[in-house]
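Participant: Quick one, final.tsv (TSV, C-alpha atoms):
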chain	number	residue	atom	x	y	z
A	1	MET	CA	-86.52	-14.22	-228.99
A	2	SER	CA	-87.73	-10.89	-227.78
A	3	ILE	CA	-90.87	-11.73	-225.91
A	4	ASP	CA	-90.33	-9.14	-223.23
A	5	ALA	CA	-89.69	-6.27	-225.65
A	6	GLN	CA	-92.99	-5.76	-227.42
A	7	PRO	CA	-93.65	-2.26	-228.67
A	8	ALA	CA	-96.24	-1.88	-231.44
A	9	LEU	CA	-95.68	-4.99	-233.52
A	10	ALA	CA	-94.38	-4.51	-237.02
A	11	PRO	CA	-96.62	-5.97	-239.76
A	12	GLU	CA	-94.05	-8.62	-240.72
A	13	ILE	CA	-93.92	-9.80	-237.11
A	14	LYS	CA	-97.71	-10.02	-237.00
A	15	ALA	CA	-97.70	-12.02	-240.22
A	16	ARG	CA	-95.08	-14.35	-238.82
A	17	GLN	CA	-97.04	-14.80	-235.60
A	18	ALA	CA	-100.12	-15.71	-237.61
A	19	ALA	CA	-98.16	-18.18	-239.73
A	20	MET	CA	-96.57	-19.77	-236.64
A	21	ALA	CA	-99.97	-20.09	-235.01
A	22	LEU	CA	-101.30	-21.85	-238.12
A	23	LEU	CA	-98.31	-24.19	-238.15
A	24	ALA	CA	-98.74	-24.96	-234.46
A	25	GLU	CA	-102.37	-25.95	-234.99
A	26	ALA	CA	-101.78	-27.85	-238.21
A	27	PRO	CA	-102.14	-31.62	-238.39
A	28	GLU	CA	-98.78	-33.38	-238.62
A	29	ALA	CA	-99.84	-35.35	-241.69
A	30	THR	CA	-100.43	-32.15	-243.69
A	31	LEU	CA	-97.03	-30.75	-242.73
A	32	GLN	CA	-95.34	-34.01	-243.63
A	33	ALA	CA	-97.08	-34.26	-247.00
A	34	THR	CA	-96.14	-30.68	-247.90
A	35	TRP	CA	-92.54	-31.19	-246.80
A	36	GLU	CA	-92.20	-34.36	-248.85
A	37	ALA	CA	-93.61	-32.61	-251.92
A	38	LEU	CA	-91.04	-29.78	-251.82
A	39	GLU	CA	-88.66	-29.87	-254.76
A	40	PRO	CA	-85.71	-29.53	-254.30
A	41	ARG	CA	-85.96	-30.20	-250.59
A	42	PRO	CA	-84.03	-27.48	-248.72
A	43	THR	CA	-81.34	-28.42	-246.21
A	44	TYR	CA	-81.28	-27.17	-242.65
A	45	THR	CA	-79.41	-27.65	-239.39
A	46	VAL	CA	-81.11	-28.10	-236.05
A	47	LEU	CA	-79.93	-25.43	-233.60
A	48	ARG	CA	-82.05	-26.57	-230.69
A	49	GLN	CA	-83.09	-30.20	-230.89
A	50	PRO	CA	-86.83	-30.83	-230.47
A	51	GLU	CA	-87.62	-31.08	-226.78
A	52	THR	CA	-90.79	-31.54	-224.82
A	53	GLY	CA	-91.55	-29.51	-221.73
A	54	LEU	CA	-94.26	-27.84	-219.75
A	55	VAL	CA	-95.55	-24.33	-220.24
A	56	MET	CA	-97.68	-22.54	-217.68
A	57	VAL	CA	-100.98	-21.46	-219.19
A	58	ARG	CA	-102.29	-18.30	-217.58
A	59	GLY	CA	-105.77	-16.90	-217.69
A	60	ARG	CA	-107.70	-13.85	-216.56
A	61	ALA	CA	-111.17	-14.15	-215.08
A	62	GLY	CA	-113.56	-12.71	-217.65
A	63	GLY	CA	-110.59	-11.77	-219.78
A	64	THR	CA	-109.85	-8.67	-217.73
A	65	GLY	CA	-109.29	-9.82	-214.13
A	66	ALA	CA	-106.01	-10.49	-212.38
A	67	PRO	CA	-103.92	-13.18	-214.09
A	68	PHE	CA	-103.92	-16.63	-212.51
A	69	ASN	CA	-102.21	-19.89	-213.37
A	70	LEU	CA	-104.73	-22.08	-215.15
A	71	CYS	CA	-102.77	-25.25	-215.86
A	72	GLU	CA	-99.58	-26.55	-217.39
A	73	ALA	CA	-99.58	-27.66	-221.00
A	74	THR	CA	-97.21	-30.06	-222.70
A	75	VAL	CA	-95.36	-28.23	-225.46
A	76	THR	CA	-92.67	-29.36	-227.87
A	77	ARG	CA	-90.31	-26.80	-229.33
A	78	CYS	CA	-87.51	-26.77	-231.85
A	79	VAL	CA	-85.25	-24.26	-233.62
A	80	VAL	CA	-83.62	-24.75	-237.00
A	81	ALA	CA	-81.46	-22.67	-239.32
A	82	LEU	CA	-81.35	-22.82	-243.11
A	83	GLU	CA	-78.12	-22.68	-245.08
A	84	SER	CA	-78.89	-19.03	-245.82
A	85	ARG	CA	-78.92	-18.56	-242.00
A	86	GLU	CA	-82.60	-17.76	-241.50
A	87	THR	CA	-83.81	-19.22	-238.23
A	88	GLY	CA	-87.15	-20.91	-237.78
A	89	PHE	CA	-88.94	-21.55	-234.50
A	90	GLY	CA	-91.54	-24.24	-233.98
A	91	GLN	CA	-93.68	-24.67	-230.90
A	92	CYS	CA	-96.76	-26.84	-230.71
A	93	LEU	CA	-98.95	-28.49	-228.12
A	94	GLY	CA	-98.26	-32.16	-227.54
A	95	ARG	CA	-95.27	-34.40	-227.69
A	96	SER	CA	-94.65	-34.82	-231.41
A	97	LYS	CA	-91.02	-33.85	-231.98
A	98	GLN	CA	-91.39	-34.38	-235.71
A	99	LYS	CA	-94.23	-31.89	-235.88
A	100	ALA	CA	-92.27	-29.25	-233.98
A	101	LEU	CA	-89.42	-29.81	-236.42
A	102	TYR	CA	-91.70	-29.38	-239.47
A	103	ALA	CA	-93.21	-26.24	-237.96
A	104	ALA	CA	-89.74	-24.78	-237.37
A	105	VAL	CA	-88.56	-25.60	-240.89
A	106	PHE	CA	-91.63	-24.05	-242.49
A	107	ASP	CA	-91.27	-20.96	-240.30
A	108	ALA	CA	-87.69	-20.60	-241.54
A	109	LEU	CA	-88.67	-21.17	-245.18
A	110	LEU	CA	-91.40	-18.54	-244.93
A	111	GLN	CA	-88.70	-15.95	-244.29
A	112	THR	CA	-86.87	-16.67	-247.50
A	113	GLU	CA	-87.92	-14.96	-250.70
A	114	LYS	CA	-87.37	-18.17	-252.57
A	115	TRP	CA	-89.88	-20.25	-250.65
A	116	ASN	CA	-92.28	-17.75	-249.13
A	117	ALA	CA	-94.84	-17.68	-251.96
A	118	GLU	CA	-94.76	-21.41	-252.51
A	119	ILE	CA	-95.31	-22.30	-248.85
A	120	GLU	CA	-98.01	-19.66	-248.57
A	121	ALA	CA	-99.85	-21.13	-251.57
A	122	LYS	CA	-99.26	-24.81	-250.88
A	123	LEU	CA	-99.61	-24.93	-247.13
A	124	LEU	CA	-100.82	-21.86	-245.29
A	125	GLN	CA	-103.94	-21.27	-247.40
A	126	GLN	CA	-104.95	-24.87	-247.00
A	127	LEU	CA	-104.40	-24.70	-243.25
A	128	ARG	CA	-106.29	-21.43	-242.98
A	129	THR	CA	-109.30	-22.85	-244.81
A	130	ALA	CA	-109.25	-26.05	-242.78
A	131	GLN	CA	-109.04	-24.16	-239.51
A	132	GLN	CA	-111.83	-21.75	-240.47
A	133	GLU	CA	-113.96	-24.73	-241.43
A	134	GLN	CA	-113.19	-26.37	-238.07
A	135	ASP	CA	-114.03	-23.12	-236.32
A	136	HIS	CA	-117.39	-22.81	-238.11
A	137	GLN	CA	-118.17	-26.42	-237.36
A	138	THR	CA	-117.61	-25.81	-233.65
A	139	ARG	CA	-119.71	-22.66	-233.76
A	140	ARG	CA	-122.55	-24.51	-235.51
A	141	GLU	CA	-122.48	-27.28	-232.93
A	142	VAL	CA	-122.50	-24.80	-230.10
A	143	ALA	CA	-125.23	-22.70	-231.72
A	144	ALA	CA	-127.46	-25.77	-232.15
A	145	THR	CA	-127.53	-26.34	-228.42
A	146	LYS	CA	-127.91	-22.73	-227.45
A	147	VAL	CA	-130.46	-22.06	-224.78
A	148	ASP	CA	-132.00	-18.61	-224.34
A	149	PHE	CA	-132.79	-17.77	-220.80
A	150	PHE	CA	-135.42	-15.10	-220.28
A	151	THR	CA	-137.63	-14.04	-217.46
A	152	MET	CA	-141.38	-14.16	-217.83
A	153	VAL	CA	-142.88	-10.87	-216.84
A	154	ARG	CA	-145.83	-11.66	-214.65
A	155	GLY	CA	-149.13	-9.88	-214.77
A	156	ASP	CA	-149.50	-9.40	-218.56
B	157	MET	CA	-81.68	-10.03	-245.53
B	158	THR	CA	-85.43	-10.17	-246.01
B	159	THR	CA	-86.45	-9.77	-242.39
B	160	PRO	CA	-84.13	-7.39	-240.58
B	161	SER	CA	-86.27	-6.77	-237.51
B	162	LEU	CA	-86.91	-10.28	-236.23
B	163	GLY	CA	-84.31	-10.51	-233.49
B	164	LEU	CA	-81.57	-12.91	-234.51
B	165	GLN	CA	-79.66	-11.47	-237.43
B	166	LYS	CA	-77.59	-14.55	-237.90
B	167	ALA	CA	-78.26	-18.09	-236.81
B	168	PRO	CA	-76.08	-19.07	-233.84
B	169	ALA	CA	-74.13	-22.32	-233.96
B	170	PRO	CA	-76.10	-25.47	-233.07
B	171	GLY	CA	-76.25	-26.59	-229.46
B	172	LEU	CA	-75.85	-30.07	-227.99
B	173	LYS	CA	-76.90	-32.78	-230.44
B	174	ASN	CA	-78.53	-34.89	-227.77
B	175	PRO	CA	-79.41	-32.32	-225.10
B	176	VAL	CA	-80.50	-34.60	-222.27
B	177	HIS	CA	-77.81	-37.29	-222.45
B	178	ASP	CA	-74.96	-35.01	-223.45
B	179	ALA	CA	-75.75	-32.59	-220.64
B	180	GLN	CA	-75.86	-35.47	-218.15
B	181	LYS	CA	-72.46	-36.73	-219.31
B	182	ILE	CA	-70.93	-33.26	-219.07
B	183	PHE	CA	-72.48	-32.66	-215.68
B	184	LYS	CA	-70.99	-35.93	-214.42
B	185	VAL	CA	-67.55	-34.82	-215.64
B	186	ALA	CA	-67.88	-31.47	-213.84
B	187	MET	CA	-69.20	-33.14	-210.68
B	188	ASN	CA	-66.34	-35.65	-210.58
B	189	ALA	CA	-63.82	-32.88	-211.26
B	190	LEU	CA	-65.00	-30.99	-208.17
B	191	ALA	CA	-65.32	-34.18	-206.08
B	192	ARG	CA	-61.70	-35.16	-206.86
B	193	PRO	CA	-59.88	-31.82	-206.97
B	194	GLY	CA	-56.94	-31.71	-209.33
B	195	SER	CA	-57.82	-34.96	-211.12
B	196	LEU	CA	-58.11	-34.78	-214.91
B	197	GLN	CA	-61.57	-35.86	-216.02
B	198	GLU	CA	-61.97	-36.74	-219.66
B	199	MET	CA	-64.69	-34.94	-221.63
B	200	PRO	CA	-66.94	-37.00	-223.89
B	201	GLU	CA	-66.63	-36.47	-227.65
B	202	LEU	CA	-69.38	-33.98	-228.55
B	203	GLY	CA	-68.53	-32.56	-231.96
B	204	LEU	CA	-69.72	-29.09	-230.98
B	205	GLU	CA	-69.06	-26.19	-233.31
B	206	VAL	CA	-68.61	-23.14	-231.15
B	207	PRO	CA	-67.85	-19.51	-232.01
B	208	ALA	CA	-64.22	-18.50	-231.27
B	209	PRO	CA	-62.69	-17.71	-228.82
B	210	LEU	CA	-65.01	-19.97	-226.85
B	211	THR	CA	-63.51	-23.46	-226.62
B	212	GLN	CA	-65.50	-26.67	-227.02
B	213	THR	CA	-65.01	-27.72	-223.42
B	214	VAL	CA	-65.96	-24.36	-221.96
B	215	ALA	CA	-68.98	-24.17	-224.27
B	216	ALA	CA	-70.09	-27.67	-223.25
B	217	LEU	CA	-69.83	-26.78	-219.56
B	218	ALA	CA	-71.65	-23.51	-220.19
B	219	LEU	CA	-74.53	-25.21	-222.06
B	220	THR	CA	-74.84	-27.69	-219.21
B	221	LEU	CA	-74.52	-25.41	-216.20
B	222	LEU	CA	-76.07	-22.11	-217.28
B	223	ASP	CA	-79.74	-21.24	-217.38
B	224	TYR	CA	-81.95	-18.19	-216.98
B	225	ASP	CA	-81.26	-18.26	-213.24
B	226	THR	CA	-77.46	-17.96	-213.40
B	227	PRO	CA	-75.99	-14.56	-214.25
B	228	VAL	CA	-72.82	-15.08	-216.24
B	229	TYR	CA	-69.75	-12.87	-216.60
B	230	LEU	CA	-67.67	-13.03	-219.78
B	231	ASP	CA	-64.04	-11.94	-219.83
B	232	PRO	CA	-63.34	-9.05	-222.26
B	233	ALA	CA	-62.10	-11.36	-225.03
B	234	LEU	CA	-65.45	-13.22	-225.01
B	235	ALA	CA	-67.69	-10.25	-224.29
B	236	GLN	CA	-66.58	-8.38	-227.40
B	237	GLU	CA	-67.59	-11.25	-229.71
B	238	VAL	CA	-71.23	-10.85	-230.76
B	239	ASP	CA	-71.33	-14.47	-231.90
B	240	VAL	CA	-70.31	-15.73	-228.46
B	241	VAL	CA	-72.87	-13.55	-226.70
B	242	ASP	CA	-75.62	-14.62	-229.11
B	243	TYR	CA	-74.66	-18.26	-228.77
B	244	LEU	CA	-74.83	-18.23	-224.97
B	245	ARG	CA	-78.01	-16.14	-224.88
B	246	PHE	CA	-79.75	-18.36	-227.37
B	247	HIS	CA	-78.84	-21.72	-225.89
B	248	THR	CA	-78.81	-20.96	-222.18
B	249	GLY	CA	-80.93	-17.84	-221.68
B	250	ALA	CA	-78.51	-16.78	-218.95
B	251	PRO	CA	-78.36	-13.03	-218.27
B	252	ILE	CA	-74.92	-11.66	-219.15
B	253	VAL	CA	-73.63	-9.26	-216.50
B	254	ALA	CA	-70.85	-6.71	-216.78
B	255	LEU	CA	-69.90	-6.83	-213.10
B	256	ALA	CA	-67.87	-9.88	-212.06
B	257	SER	CA	-69.24	-9.75	-208.50
B	258	ASP	CA	-72.83	-10.25	-209.78
B	259	ALA	CA	-72.05	-13.46	-211.59
B	260	ALA	CA	-72.86	-17.05	-210.64
B	261	PHE	CA	-70.53	-18.26	-213.36
B	262	ALA	CA	-67.62	-16.57	-215.09
B	263	LEU	CA	-66.23	-17.69	-218.42
B	264	ILE	CA	-62.54	-16.93	-218.81
B	265	SER	CA	-61.01	-17.53	-222.23
B	266	ASP	CA	-57.76	-15.67	-221.64
B	267	PRO	CA	-56.50	-16.76	-218.19
B	268	ALA	CA	-53.16	-14.99	-218.64
B	269	LYS	CA	-55.01	-11.66	-218.52
B	270	MET	CA	-57.59	-12.69	-215.96
B	271	SER	CA	-58.89	-10.03	-213.59
B	272	ALA	CA	-58.31	-10.42	-209.84
B	273	ILE	CA	-60.11	-13.35	-208.26
B	274	SER	CA	-61.13	-11.14	-205.34
B	275	GLY	CA	-63.39	-9.28	-207.80
B	276	PHE	CA	-65.72	-12.27	-208.09
B	277	ALA	CA	-68.52	-13.08	-205.67
B	278	VAL	CA	-67.38	-15.16	-202.68
B	279	GLY	CA	-70.82	-15.64	-201.15
B	280	THR	CA	-72.07	-14.38	-197.82
B	281	ASP	CA	-71.92	-15.93	-194.35
B	282	GLU	CA	-75.64	-16.75	-194.61
B	283	TYR	CA	-75.37	-18.01	-198.20
B	284	PRO	CA	-71.83	-19.18	-198.98
B	285	ASP	CA	-73.22	-20.82	-202.15
B	286	ARG	CA	-73.89	-17.41	-203.70
B	287	SER	CA	-70.41	-17.30	-205.13
B	288	THR	CA	-68.95	-17.30	-208.60
B	289	THR	CA	-67.76	-20.50	-210.24
B	290	LEU	CA	-64.96	-19.74	-212.68
B	291	LEU	CA	-64.75	-21.72	-215.91
B	292	ILE	CA	-61.22	-21.16	-217.14
B	293	ALA	CA	-60.11	-22.25	-220.60
B	294	VAL	CA	-56.52	-23.53	-220.53
B	295	ASP	CA	-54.38	-25.23	-223.17
B	296	ASP	CA	-52.78	-27.83	-220.98
B	297	MET	CA	-53.09	-29.40	-217.53
B	298	THR	CA	-50.72	-31.68	-215.67
B	299	ASN	CA	-50.52	-33.74	-212.49
B	300	THR	CA	-46.72	-33.92	-212.44
B	301	SER	CA	-45.74	-30.42	-211.37
B	302	GLY	CA	-47.13	-27.21	-209.96
B	303	ALA	CA	-49.13	-26.60	-206.82
B	304	THR	CA	-49.65	-29.32	-204.22
B	305	LEU	CA	-53.30	-29.84	-203.36
B	306	SER	CA	-54.72	-31.63	-200.34
B	307	GLY	CA	-58.02	-31.71	-198.55
B	308	PRO	CA	-61.46	-33.24	-199.11
B	309	GLY	CA	-61.56	-35.58	-202.11
B	310	ILE	CA	-57.78	-36.06	-202.21
B	311	LYS	CA	-56.39	-39.17	-200.50
B	312	THR	CA	-52.98	-37.76	-199.60
B	313	GLU	CA	-51.96	-34.98	-201.86
B	314	THR	CA	-51.82	-34.32	-205.58
B	315	GLU	CA	-49.91	-32.00	-207.81
B	316	PHE	CA	-51.70	-29.89	-210.32
B	317	ASP	CA	-50.81	-27.18	-212.76
B	318	ALA	CA	-52.46	-25.61	-215.78
B	319	ALA	CA	-51.09	-23.41	-218.52
B	320	PRO	CA	-51.33	-20.62	-219.36
B	321	LEU	CA	-52.15	-18.94	-216.06
B	322	SER	CA	-51.19	-15.50	-214.86
B	323	PRO	CA	-48.34	-15.46	-212.27
B	324	ALA	CA	-50.77	-13.96	-209.77
B	325	PHE	CA	-53.20	-16.87	-210.05
B	326	TRP	CA	-51.83	-19.29	-207.43
B	327	PRO	CA	-51.19	-16.63	-204.74
B	328	GLN	CA	-54.77	-15.42	-205.32
B	329	MET	CA	-56.13	-18.94	-204.99
B	330	ILE	CA	-54.22	-19.40	-201.72
B	331	ALA	CA	-55.81	-16.18	-200.47
B	332	ASN	CA	-59.18	-17.50	-201.69
B	333	GLN	CA	-58.69	-20.66	-199.64
B	334	THR	CA	-58.31	-18.66	-196.43
B	335	LEU	CA	-61.85	-17.29	-196.89
B	336	TYR	CA	-63.38	-20.74	-196.41
B	337	PRO	CA	-66.34	-21.43	-196.21
B	338	LEU	CA	-66.60	-18.47	-198.53
B	339	GLY	CA	-64.66	-18.23	-201.78
B	340	VAL	CA	-64.84	-19.06	-205.47
B	341	ASP	CA	-64.64	-22.49	-207.07
B	342	VAL	CA	-62.69	-23.07	-210.26
B	343	LEU	CA	-63.17	-25.48	-213.16
B	344	PHE	CA	-60.26	-25.68	-215.60
B	345	ALA	CA	-61.19	-26.75	-219.11
B	346	SER	CA	-58.50	-27.95	-221.49
B	347	PRO	CA	-59.53	-29.08	-225.00
B	348	THR	CA	-59.96	-32.67	-223.79
B	349	HIS	CA	-60.19	-32.63	-219.99
B	350	VAL	CA	-61.78	-30.86	-217.04
B	351	ALA	CA	-60.23	-30.39	-213.61
B	352	GLY	CA	-61.73	-28.82	-210.52
B	353	LEU	CA	-60.26	-26.66	-207.79
B	354	PRO	CA	-62.94	-26.09	-205.15
B	355	ARG	CA	-62.49	-23.63	-202.31
B	356	SER	CA	-62.04	-26.54	-199.87
B	357	SER	CA	-58.69	-27.63	-201.34
B	358	LYS	CA	-55.55	-26.61	-199.49
B	359	ILE	CA	-52.93	-25.26	-201.82
B	360	SER	CA	-49.22	-25.12	-201.13
B	361	MET	CA	-46.44	-24.12	-203.45
B	362	LYS	CA	-43.30	-26.23	-203.13
B	363	GLU	CA	-40.82	-23.81	-204.56
B	364	ALA	CA	-40.95	-20.18	-205.46
B	365	ARG	CA	-42.42	-19.81	-208.93
Kindly present the structure from the file in C-alpha cells form.
Facilitator:
Amino acid sequence: MSIDAQPALAPEIKARQAAMALLAEAPEATLQATWEALEPRPTYTVLRQPETGLVMVRGRAGGTGAPFNLCEATVTRCVVALESRETGFGQCLGRSKQKALYAAVFDALLQTEKWNAEIEAKLLQQLRTAQQEQDHQTRREVAATKVDFFTMVRGD
Amino acid sequence: MTTPSLGLQKAPAPGLKNPVHDAQKIFKVAMNALARPGSLQEMPELGLEVPAPLTQTVAALALTLLDYDTPVYLDPALAQEVDVVDYLRFHTGAPIVALASDAAFALISDPAKMSAISGFAVGTDEYPDRSTTLLIAVDDMTNTSGATLSGPGIKTETEFDAAPLSPAFWPQMIANQTLYPLGVDVLFASPTHVAGLPRSSKISMKEAR
C-alpha cells in the first residue's frame, strides 16, 4: 500500500478508490447476494485475515484549519489474493468480518479482465444508484428543515 | 498484468491463519526461550507458506515480533529476495534498514556467513533496551554438547549448541556478554524449535573448538 507516496493519481487508481469506497459503504446483504450469484465462483486465498481495529479519524476546522483528532472509528480490514495473483483490499466501518472479506474479494475481481465488466454491471451500478438515492434522501430531509436567517432592516 | 501501477506486483504469501491466537502462541514460545536460556522450546504447528530462504520458524517469529515501530535488518541472502522483502513489508509494516546498527531486529538466514555481532546495536547506558535482537535460522540445536551456559533462568548450567554457526560466533557472544547490561540478545530458530541466548547468560567453552 503506498499511502505516503501520492503524486497525481493515475485514472485507474482513482477508479479503484471510487470502487473501494462504494464497496465499503455497501450493505452486506447486497455483497453477499452478488457473491452467491457469481458463476463459476472464483477461488481466492486470504493473505491477511479479517481483523477489527481502531482508526483515528482526523478533521480540519472548516475544512482548511489545522488537523485535529476527531475520534476513533471501528474498522475491519482484510486482504485476499486470487489465483491469478491479483490482490484485493477491503476496509469498512464496523465489525463485520464477512463484509470486509466480500469487499476485498470484489476489489480483487475488479482488477481482472474476466470479471471487471460483470461486477461493474451487477454490483457497482446498483450500489452507485442506491447511494445516490440515499444521498438525495438525506438532502431532501435536510432541505425541508432549512431555516433562513436574515436581518430585518429597520426604518423602511 | 492489467494493473501494473497499483503497488504490489505479485501477491505475497498468506500470513498467520489465526492472527491473534497464533501470534500469542509464538510470543509465548519466544518469551519462554529467553526466560530459560538454552532450553529448546517447541514451536506450534502453523502451516505457514513462506518465501525462501526465510524459514517457517523465523517467519513466524518475525510476524509476531515486528511492526511499524521496529526497524529490521535482513542478511544479504534475505535482502536480495524481493519476495521476502515484500512478504515482511506487507505483513509487518516494519521498515527495512540497510545498516545493522539501526535495527531492532535482525533476521539471519545464513549464520555461517553472519556479519560481526559487534556491528549490531548494543543499546546505550541510558537505554540498554535499544539493542538488536538477532533471529538466527539454524538447522539443528542440541543440549548435549557445545557451550556451557549459566546465569539467570538456568538452575545450574546447561549445554547448548546450534549448527551451522560461524567459528567466530561463540567468541563474539562471549565478548557480547562482557558488555552487560548492554549487548544483543539472540533467538535461534530451527525448523521445529526456538532457543534463546540473552545477554545475561554466562558462556564458557569447555574445550577449544
Participant: Pull out every residue of chain B sitting within 6 Å of chain A, counting all atoms listed in the file, and send them as a ChimeraX atom specification.
Facilitator: /B:166-167,170-171
Participant: Just how far from CA of Ser346 (chain B) is CA of Asp317 (chain B), in Å to one decimal?
Facilitator: 11.7 Å
Participant: Could you name the residues that touch region 280-286 of chain B at 8 Å or less, counting only C-alpha atoms, but leaving out those on the same chain fewer than 4 positions away, as an NGL selection string?
Facilitator: :B and (260 or 337-339)
Participant: Taking C-alpha atoms for each residue, export the selection above as a compact mmCIF listing (two decimals), keeping the file's coordinate frame.
Facilitator:
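Result file is selection_19.txt:
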# COMPACT_ATOMS: atom_id res chain seq x y z
CA ALA B 260 -72.86 -17.05 -210.64
CA PRO B 337 -66.34 -21.43 -196.21
CA LEU B 338 -66.60 -18.47 -198.53
CA GLY B 339 -64.66 -18.23 -201.78
Participant: With only C-alpha atoms counted, which protein, DNA or RNA residues have an atom no more than 9 Å from (-95.2, -14.7, -242.4) in the file frame? Please answer as a ChimeraX atom specification.
Facilitator: /A:12-20,107,110-111,116,120
Participant: Could you turn the residues from that selection into a file that holds C-alpha atoms, as a PDB file, in the coordinates of the input?
Facilitator:
ATOM      1  CA  GLU A  12     -94.050  -8.620-240.720  1.00  0.00           C
ATOM      2  CA  ILE A  13     -93.920  -9.800-237.110  1.00  0.00           C
ATOM      3  CA  LYS A  14     -97.710 -10.020-237.000  1.00  0.00           C
ATOM      4  CA  ALA A  15     -97.700 -12.020-240.220  1.00  0.00           C
ATOM      5  CA  ARG A  16     -95.080 -14.350-238.820  1.00  0.00           C
ATOM      6  CA  GLN A  17     -97.040 -14.800-235.600  1.00  0.00           C
ATOM      7  CA  ALA A  18    -100.120 -15.710-237.610  1.00  0.00           C
ATOM      8  CA  ALA A  19     -98.160 -18.180-239.730  1.00  0.00           C
ATOM      9  CA  MET A  20     -96.570 -19.770-236.640  1.00  0.00           C
ATOM     10  CA  ASP A 107     -91.270 -20.960-240.300  1.00  0.00           C
ATOM     11  CA  LEU A 110     -91.400 -18.540-244.930  1.00  0.00           C
ATOM     12  CA  GLN A 111     -88.700 -15.950-244.290  1.00  0.00           C
ATOM     13  CA  ASN A 116     -92.280 -17.750-249.130  1.00  0.00           C
ATOM     14  CA  GLU A 120     -98.010 -19.660-248.570  1.00  0.00           C
TER      15      GLU A 120
END
Participant: Residues near region 179-195 of chain B, anyone? I mean within 12 Å using all atoms listed in the file, not counting same-chain ones fewer than 6 positions away, as a PyMOL selection string.
Facilitator: chain B and resi 171-173+201-202+212-222+289+291+297-318+341-345+348-359
Participant: Write out as a list in words each polymer residue whose atoms come within 10 Å of Pro42 (chain A), counting all atoms listed in the file; drop sequence neighbours fewer than 3 positions from it.
Facilitator: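 Selected residues are Trp35, Leu38, Glu39, Leu82, Glu83, Val105, Leu109 and Trp115 of chain A.
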Participant: As an exercise, work out the distance from CA of Ala130 (chain A) to CA of Thr30 (chain A) in Å and give it to one decimal place.
Facilitator: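 Computed distance, CA of Ala130 (chain A) to CA of Thr30 (chain A), equals 10.8 Å.
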Participant: Name the closest residue to Val55 (chain A) among the candidates A:Val142, A:Leu31, A:Ala24, A:Leu93; distances are taken between atoms, counting all atoms listed in the file.
Facilitator: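 Checking each of A:Val142, A:Leu31, A:Ala24, A:Leu93 against Val55 (chain A), counting all atoms listed in the file, the winner is A:Leu93.
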Participant: If you keep N, CA and C atoms, can you output region 47-60 of chain A as a compact mmCIF listing (two decimals), in the first residue's frame?
Facilitator:
# COMPACT_ATOMS: atom_id res chain seq x y z
N LEU A 47 -4.86 -13.39 2.43
CA LEU A 47 -3.49 -13.05 2.81
C LEU A 47 -3.45 -12.50 4.21
N ARG A 48 -4.37 -11.60 4.49
CA ARG A 48 -4.45 -11.02 5.84
C ARG A 48 -5.87 -11.27 6.31
N GLN A 49 -5.99 -12.12 7.32
CA GLN A 49 -7.32 -12.49 7.80
C GLN A 49 -8.07 -11.24 8.25
N PRO A 50 -9.42 -11.25 8.10
CA PRO A 50 -10.19 -10.07 8.53
C PRO A 50 -9.91 -9.77 9.98
N GLU A 51 -9.64 -8.51 10.28
CA GLU A 51 -9.38 -8.13 11.67
C GLU A 51 -9.99 -6.77 11.94
N THR A 52 -10.43 -6.60 13.16
CA THR A 52 -11.10 -5.37 13.54
C THR A 52 -10.15 -4.53 14.38
N GLY A 53 -10.10 -3.25 14.10
CA GLY A 53 -9.23 -2.37 14.86
C GLY A 53 -9.78 -0.96 14.87
N LEU A 54 -8.99 -0.06 15.42
CA LEU A 54 -9.42 1.33 15.50
C LEU A 54 -8.60 2.18 14.56
N VAL A 55 -9.26 3.13 13.93
CA VAL A 55 -8.56 4.06 13.05
C VAL A 55 -8.86 5.46 13.56
N MET A 56 -7.83 6.28 13.65
CA MET A 56 -8.04 7.66 14.09
C MET A 56 -8.65 8.47 12.95
N VAL A 57 -9.77 9.09 13.24
CA VAL A 57 -10.41 9.96 12.25
C VAL A 57 -9.96 11.38 12.53
N ARG A 58 -9.41 12.03 11.50
CA ARG A 58 -8.91 13.38 11.71
C ARG A 58 -9.79 14.36 10.95
N GLY A 59 -9.86 15.55 11.47
CA GLY A 59 -10.66 16.58 10.81
C GLY A 59 -9.89 17.88 10.77
N ARG A 60 -10.42 18.82 9.97
CA ARG A 60 -9.87 20.17 9.95
C ARG A 60 -11.02 21.13 10.18
